[in-house]
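Novice: Just dropping this structure here.
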Amino acid sequence: MAVTKIAYKGWPNCYRLSNDQMELVVTTDVGPRVIRLGFVGGDNLFAEFEEHLGQTGGDAWRLYGGHRLWHAPEHNPRSYHPDNFHVALEEHPGFVRLVQPVETTTGIQKEIDIALDPVAARAKLTHRLRNTNLWEVELAPWSLSVMGTGGVAIIPIPPRGTHEANLLPTHTLTMWAYTDMSDPRWTWGQKAILLQQDTQATTPQKIGMLSPDGWVAYARGGELFVKRFQYVPGASYPDYGCTLEVFTRWDMLEVETLGPLVKLVPGAAVEHVEEWHLFRDVSQPYDDAGVVAHILPKVAQTAR
């Protein structure tokens, strides 16, 4: 993994992490954020918000774009502590670590470790939340990737069964007050749920799932981004049991994964690991047939 200091979109203190195929750009002027993800020399699959790029300081929370770490369940102001200030970058053998100052309003400190595969378009991100308070805090690590416009999120549905063999429910589907299942951006299949990002949309959409499959994906412009994560059977997850969530509005789509809820005692930390995979020349799916033909074979290549 090559680590090179660069200026990026108005921030003078950024770092490009790359191998021969894949590159990430992380900021240290704000964050921790991964502001760019893509093939070397290719498009950024993450959204960037021009009105926020290059800005630092202040008390207002800024979306910026890219990939970030939060703690669930969502609550304002707790979740919206502004990450507008310098973070430390530590270089370790095989990975870099981004370390945020302790959040003054929550007592939580965020860290992200990033390791790129030596040759493949693959990265491992270890997200860490540490409780620096003098009291116990209940939370769950929450990893959010803000994707660029025009693509589609792919949410896997666990294998189907029969009424006779499955008298009890197998997983959950969580909706928000603004979720509209009749919205045309949704495609409800048997293999997957698809959520299309639409720049003409006037309302947001969101769902969450308890998905034991341990992956979620986003396809755009012939490229596929697959996020893998660990599902812990029997654990308690936020938002009525969500291991993953997807959210969209007119200018972006978020692909989110969550770890189990934990009670962090003072000084303790919890980790949530994602593996990122990029693929080229992948047709964007519009239904189950497209998912089976184009997405599932790529996802199978990410299994270990």
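Residue numbering restarts at 1 for every chain of the structure tokens, chains are lettered A, B, ... in their displayed order, and ligands are numbered from 1 as they appear.
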Hey, what's within 12 Å of A:Thr149 if we count only C-alpha atoms and toss same-chain stuff fewer than 5 positions away? As a compact mmCIF listing (two decimals) with C-alpha atoms, in the first residue's frame, please?
Specialist:
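Okay, this is what ended up in selection-v6.txt:
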```txt
# COMPACT_ATOMS: atom_id res chain seq x y z
CA ASP A 43 -14.37 8.18 -10.99
CA ASN A 44 -15.07 8.70 -7.30
CA LEU A 45 -17.88 6.34 -6.32
CA PHE A 46 -18.50 8.43 -3.21
CA ALA A 47 -20.53 11.63 -3.25
CA GLU A 48 -18.81 14.95 -2.63
CA PHE A 49 -20.68 18.08 -1.64
CA GLY A 65 -19.52 13.27 1.47
CA LEU A 195 -33.18 1.16 -4.30
CA GLN A 196 -32.50 3.47 -7.23
CA GLN A 197 -30.87 6.85 -6.65
CA ASP A 198 -32.85 9.51 -8.55
CA THR A 199 -31.67 13.12 -8.88
CA GLN A 200 -35.26 14.20 -9.63
CA ALA A 201 -36.69 12.77 -6.40
CA TYR A 218 -24.00 -0.31 -4.89
CA ALA A 219 -23.76 -0.42 -8.70
CA ARG A 220 -23.14 2.66 -10.84
CA GLY A 221 -21.67 3.36 -14.24
CA THR A 248 -31.47 8.09 -0.42
CA ARG A 249 -32.49 11.58 -1.42
CA TRP A 250 -32.04 13.61 -4.61
CA ASP A 251 -28.28 14.16 -4.23
CA MET A 252 -26.90 10.86 -2.86
CA LEU A 253 -27.52 7.36 -1.53
CA GLU A 254 -26.11 6.02 1.73
```
Novice: Can you pull out every residue within 12 Å of A:Val102, counting only C-alpha atoms, but drop anything in the same chain fewer than 6 positions away, and send it as number ranges by chain?
Specialist: A: 31-32, 81-83, 85-88, 108-111, 129-133
Novice: Please provide as a list in words all residues within 10 Å of A:Tyr178, with the sequence filter that same-chain residues fewer than 3 positions apart are discarded (counting only C-alpha atoms).
Specialist: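 Answer for this query is Met175, Met181, Thr203, Pro204, Gln205, Lys206 and Ile207 of chain A.
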Novice: Write the residues of the selection above to a file with C-alpha atoms, as a tab-separated table (two decimals), in the first residue's frame.
Specialist:
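Writing done, so here's selection_10.tsv:
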```tsv
chain	number	residue	atom	x	y	z
A	175	MET	CA	-39.33	1.24	7.95
A	181	MET	CA	-43.11	1.17	-0.37
A	203	THR	CA	-38.63	12.95	-0.91
A	204	PRO	CA	-36.13	10.73	0.92
A	205	GLN	CA	-36.47	6.96	1.33
A	206	LYS	CA	-34.99	4.55	3.85
A	207	ILE	CA	-35.26	0.95	5.03
```
Novice: Using only C-alpha atoms, which protein or nucleic acid residues come within 7 Å of stretch 22-25 of chain A? Drop anything in the same chain fewer than 5 positions from it, and give the result as number ranges by chain.
Specialist: A: 14-17, 34-40, 121
Novice: Run DSSP on the backbone of this structure and report the residues of stretch 109-248 of chain A it assigns to strand (DSSP E or B), as a PyMOL selection string.
Specialist: chain A and resi 109-116+122-131+137-147+152-156+173-175+186-188+192-196+205-209+215-220+223-229+244-248
Novice: Generate a file of the selected residues that holds C-alpha atoms, formatted as a PDB file, in the first residue's frame.
Specialist:
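Written output follows (result20.pdb):
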```pdb
ATOM      1  CA  GLN A 109     -13.515   8.816  20.371  1.00  0.00           C
ATOM      2  CA  LYS A 110     -13.601   7.500  16.801  1.00  0.00           C
ATOM      3  CA  GLU A 111     -10.838   5.648  14.963  1.00  0.00           C
ATOM      4  CA  ILE A 112     -10.682   4.001  11.541  1.00  0.00           C
ATOM      5  CA  ASP A 113      -7.922   1.585  10.494  1.00  0.00           C
ATOM      6  CA  ILE A 114      -7.510   1.175   6.716  1.00  0.00           C
ATOM      7  CA  ALA A 115      -5.555  -1.631   5.037  1.00  0.00           C
ATOM      8  CA  LEU A 116      -5.422  -2.148   1.265  1.00  0.00           C
ATOM      9  CA  ARG A 122     -10.000  -4.734  -1.874  1.00  0.00           C
ATOM     10  CA  ALA A 123      -9.649  -2.909   1.452  1.00  0.00           C
ATOM     11  CA  LYS A 124     -10.318  -3.697   5.095  1.00  0.00           C
ATOM     12  CA  LEU A 125     -11.653  -0.959   7.362  1.00  0.00           C
ATOM     13  CA  THR A 126     -11.783  -1.441  11.121  1.00  0.00           C
ATOM     14  CA  HIS A 127     -14.065   1.119  12.765  1.00  0.00           C
ATOM     15  CA  ARG A 128     -13.529   1.709  16.476  1.00  0.00           C
ATOM     16  CA  LEU A 129     -15.491   3.598  19.136  1.00  0.00           C
ATOM     17  CA  ARG A 130     -13.906   4.217  22.528  1.00  0.00           C
ATOM     18  CA  ASN A 131     -15.748   5.398  25.637  1.00  0.00           C
ATOM     19  CA  VAL A 137     -22.592   4.158  27.358  1.00  0.00           C
ATOM     20  CA  GLU A 138     -24.847   1.962  25.206  1.00  0.00           C
ATOM     21  CA  LEU A 139     -24.265   2.303  21.466  1.00  0.00           C
ATOM     22  CA  ALA A 140     -23.546   0.463  18.245  1.00  0.00           C
ATOM     23  CA  PRO A 141     -20.887   1.255  15.635  1.00  0.00           C
ATOM     24  CA  TRP A 142     -22.469   2.588  12.475  1.00  0.00           C
ATOM     25  CA  SER A 143     -20.534   2.779   9.203  1.00  0.00           C
ATOM     26  CA  LEU A 144     -21.984   5.033   6.490  1.00  0.00           C
ATOM     27  CA  SER A 145     -20.814   5.284   2.871  1.00  0.00           C
ATOM     28  CA  VAL A 146     -22.323   8.214   0.960  1.00  0.00           C
ATOM     29  CA  MET A 147     -22.510   7.122  -2.662  1.00  0.00           C
ATOM     30  CA  VAL A 152     -28.663   1.457  -7.387  1.00  0.00           C
ATOM     31  CA  ALA A 153     -28.281  -0.167  -3.960  1.00  0.00           C
ATOM     32  CA  ILE A 154     -28.627  -3.946  -3.756  1.00  0.00           C
ATOM     33  CA  ILE A 155     -29.923  -5.336  -0.448  1.00  0.00           C
ATOM     34  CA  PRO A 156     -29.868  -9.145  -0.271  1.00  0.00           C
ATOM     35  CA  LEU A 173     -37.564  -5.225   7.687  1.00  0.00           C
ATOM     36  CA  THR A 174     -37.550  -1.806   9.350  1.00  0.00           C
ATOM     37  CA  MET A 175     -39.334   1.235   7.945  1.00  0.00           C
ATOM     38  CA  TRP A 186     -37.952   0.564  -4.920  1.00  0.00           C
ATOM     39  CA  THR A 187     -37.874  -2.819  -6.651  1.00  0.00           C
ATOM     40  CA  TRP A 188     -39.085  -5.607  -4.363  1.00  0.00           C
ATOM     41  CA  ALA A 192     -32.901  -8.660  -3.396  1.00  0.00           C
ATOM     42  CA  ILE A 193     -34.454  -5.278  -2.754  1.00  0.00           C
ATOM     43  CA  LEU A 194     -33.184  -2.555  -5.087  1.00  0.00           C
ATOM     44  CA  LEU A 195     -33.177   1.165  -4.297  1.00  0.00           C
ATOM     45  CA  GLN A 196     -32.497   3.467  -7.230  1.00  0.00           C
ATOM     46  CA  GLN A 205     -36.469   6.957   1.329  1.00  0.00           C
ATOM     47  CA  LYS A 206     -34.993   4.547   3.853  1.00  0.00           C
ATOM     48  CA  ILE A 207     -35.263   0.953   5.025  1.00  0.00           C
ATOM     49  CA  GLY A 208     -33.232  -1.277   7.316  1.00  0.00           C
ATOM     50  CA  MET A 209     -32.919  -5.056   7.539  1.00  0.00           C
ATOM     51  CA  TRP A 215     -23.125  -7.840   2.493  1.00  0.00           C
ATOM     52  CA  VAL A 216     -24.700  -4.885   0.722  1.00  0.00           C
ATOM     53  CA  ALA A 217     -23.724  -3.340  -2.620  1.00  0.00           C
ATOM     54  CA  TYR A 218     -24.002  -0.311  -4.892  1.00  0.00           C
ATOM     55  CA  ALA A 219     -23.759  -0.419  -8.696  1.00  0.00           C
ATOM     56  CA  ARG A 220     -23.142   2.657 -10.842  1.00  0.00           C
ATOM     57  CA  GLU A 223     -18.731  -0.440 -11.473  1.00  0.00           C
ATOM     58  CA  LEU A 224     -19.796  -2.385  -8.391  1.00  0.00           C
ATOM     59  CA  PHE A 225     -18.971  -1.606  -4.755  1.00  0.00           C
ATOM     60  CA  VAL A 226     -19.546  -4.489  -2.309  1.00  0.00           C
ATOM     61  CA  LYS A 227     -19.363  -3.988   1.456  1.00  0.00           C
ATOM     62  CA  ARG A 228     -18.952  -7.129   3.551  1.00  0.00           C
ATOM     63  CA  PHE A 229     -19.487  -7.194   7.322  1.00  0.00           C
ATOM     64  CA  LEU A 244     -27.750  -2.763   7.316  1.00  0.00           C
ATOM     65  CA  GLU A 245     -29.656   0.319   6.187  1.00  0.00           C
ATOM     66  CA  VAL A 246     -29.989   2.275   2.952  1.00  0.00           C
ATOM     67  CA  PHE A 247     -31.078   5.886   2.641  1.00  0.00           C
ATOM     68  CA  THR A 248     -31.471   8.093  -0.415  1.00  0.00           C
TER      69      THR A 248
END
```
Novice: Considering only C-alpha atoms, can you say which of A:Arg97, A:His294, A:Lys191, A:His92 comes closest to A:Thr28?
Specialist: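 Nearest to A:Thr28: A:Arg97.
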Novice: Extract, using only C-alpha atoms, all DNA, RNA and protein residues at most 8 Å from A:Asn19, discarding same-chain residues fewer than 5 positions from it, and format them as an MDAnalysis selection string.
Specialist: chainID A and resid 1:2 116:121
Novice: Counting only C-alpha atoms, which of A:Ile6, A:Val270, A:Val99, A:Leu89 gets nearest to A:His71?
Specialist: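 Under the stated criterion, the closest residue is A:Val270.
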Novice: Mind checking DSSP for stretch 216-299 of chain A and telling me the helix (DSSP H, G or I) residues as an mmCIF file with N, CA and C atoms, in the first residue's frame?
Specialist:
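So selection.cif came out as:
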```
data_model
loop_
_atom_site.group_PDB
_atom_site.id
_atom_site.type_symbol
_atom_site.label_atom_id
_atom_site.label_comp_id
_atom_site.auth_asym_id
_atom_site.auth_seq_id
_atom_site.Cartn_x
_atom_site.Cartn_y
_atom_site.Cartn_z
ATOM 1 N N PRO A 238 -29.405 -2.197 16.521
ATOM 2 C CA PRO A 238 -30.247 -0.994 16.618
ATOM 3 C C PRO A 238 -31.419 -1.026 15.639
ATOM 4 N N ASP A 239 -32.334 -0.085 15.834
ATOM 5 C CA ASP A 239 -33.413 0.187 14.878
ATOM 6 C C ASP A 239 -34.244 -1.063 14.573
ATOM 7 N N TYR A 240 -34.707 -1.731 15.633
ATOM 8 C CA TYR A 240 -35.498 -2.957 15.506
ATOM 9 C C TYR A 240 -34.725 -4.074 14.817
ATOM 10 N N GLY A 241 -33.435 -4.130 15.064
ATOM 11 C CA GLY A 241 -32.654 -5.270 14.594
ATOM 12 C C GLY A 241 -32.010 -5.108 13.240
ATOM 13 N N ASP A 288 -34.620 -8.991 -10.177
ATOM 14 C CA ASP A 288 -33.954 -10.178 -9.669
ATOM 15 C C ASP A 288 -33.064 -10.840 -10.718
ATOM 16 N N ALA A 289 -33.527 -10.851 -11.958
ATOM 17 C CA ALA A 289 -32.735 -11.490 -13.013
ATOM 18 C C ALA A 289 -31.376 -10.820 -13.154
ATOM 19 N N GLY A 290 -31.365 -9.491 -13.089
ATOM 20 C CA GLY A 290 -30.100 -8.765 -13.170
ATOM 21 C C GLY A 290 -29.210 -9.012 -11.965
ATOM 22 N N VAL A 291 -29.817 -9.124 -10.791
ATOM 23 C CA VAL A 291 -29.046 -9.423 -9.581
ATOM 24 C C VAL A 291 -28.390 -10.793 -9.704
ATOM 25 N N VAL A 292 -29.151 -11.792 -10.150
ATOM 26 C CA VAL A 292 -28.627 -13.143 -10.277
ATOM 27 C C VAL A 292 -27.530 -13.206 -11.333
ATOM 28 N N ALA A 293 -27.731 -12.519 -12.450
ATOM 29 C CA ALA A 293 -26.787 -12.608 -13.561
ATOM 30 C C ALA A 293 -25.512 -11.809 -13.315
ATOM 31 N N HIS A 294 -25.637 -10.632 -12.704
ATOM 32 C CA HIS A 294 -24.500 -9.715 -12.675
ATOM 33 C C HIS A 294 -23.921 -9.447 -11.287
ATOM 34 N N ILE A 295 -24.741 -9.521 -10.246
ATOM 35 C CA ILE A 295 -24.279 -9.125 -8.910
ATOM 36 C C ILE A 295 -23.838 -10.314 -8.075
ATOM 37 N N LEU A 296 -24.659 -11.324 -7.972
ATOM 38 C CA LEU A 296 -24.340 -12.456 -7.088
ATOM 39 C C LEU A 296 -23.038 -13.166 -7.455
ATOM 40 N N PRO A 297 -22.688 -13.315 -8.758
ATOM 41 C CA PRO A 297 -21.379 -13.926 -9.049
ATOM 42 C C PRO A 297 -20.208 -13.101 -8.521
ATOM 43 N N LYS A 298 -20.325 -11.786 -8.542
ATOM 44 C CA LYS A 298 -19.258 -10.945 -7.999
ATOM 45 C C LYS A 298 -19.219 -11.043 -6.470
ATOM 46 N N VAL A 299 -20.394 -11.022 -5.849
ATOM 47 C CA VAL A 299 -20.440 -11.145 -4.393
ATOM 48 C C VAL A 299 -19.819 -12.470 -3.954
#
```
Novice: Return the single residue from A:Gln21, A:Thr162, A:Gln230, A:Thr4 that is closest to A:Glu271, with distances computed using only C-alpha atoms.
Specialist: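 Closest residue, counting only C-alpha atoms: A:Gln230.
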Novice: Record the distance separating atom CA of A:Arg62 and atom CA of A:Val273, expressed in Å with one decimal.
Specialist: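 Between atom CA of A:Arg62 and atom CA of A:Val273 the gap is 24.5 Å.
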Novice: Stretch 206-241 of chain A near stretch 259-263 of chain A within 6 Å: what's each residue's closest atom pair and its distance in Å to one decimal, counting only C-alpha atoms, ordered by chain then ascending residue number, as JSON lines?
Specialist:
```
{"residue": "A:Ala235", "atom": "CA", "partner": "A:Pro260", "partner_atom": "CA", "distance": 5.9}
{"residue": "A:Ser236", "atom": "CA", "partner": "A:Pro260", "partner_atom": "CA", "distance": 5.5}
{"residue": "A:Tyr237", "atom": "CA", "partner": "A:Pro260", "partner_atom": "CA", "distance": 4.6}
```
Novice: Of the candidates A:Asp20, A:Asp213, A:Glu274, A:Glu91, which shows the shortest atom-to-atom distance to A:His171, using only C-alpha atoms?
Specialist: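 Going through A:Asp20, A:Asp213, A:Glu274, A:Glu91 one by one, the smallest distance to A:His171 is for A:Asp213.
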Novice: For a quick check of understanding, using only C-alpha atoms, which of A:Pro93, A:Gly41, A:Gly54, A:Gly234 has the smallest distance to A:Asn13?
Specialist: A:Gly54
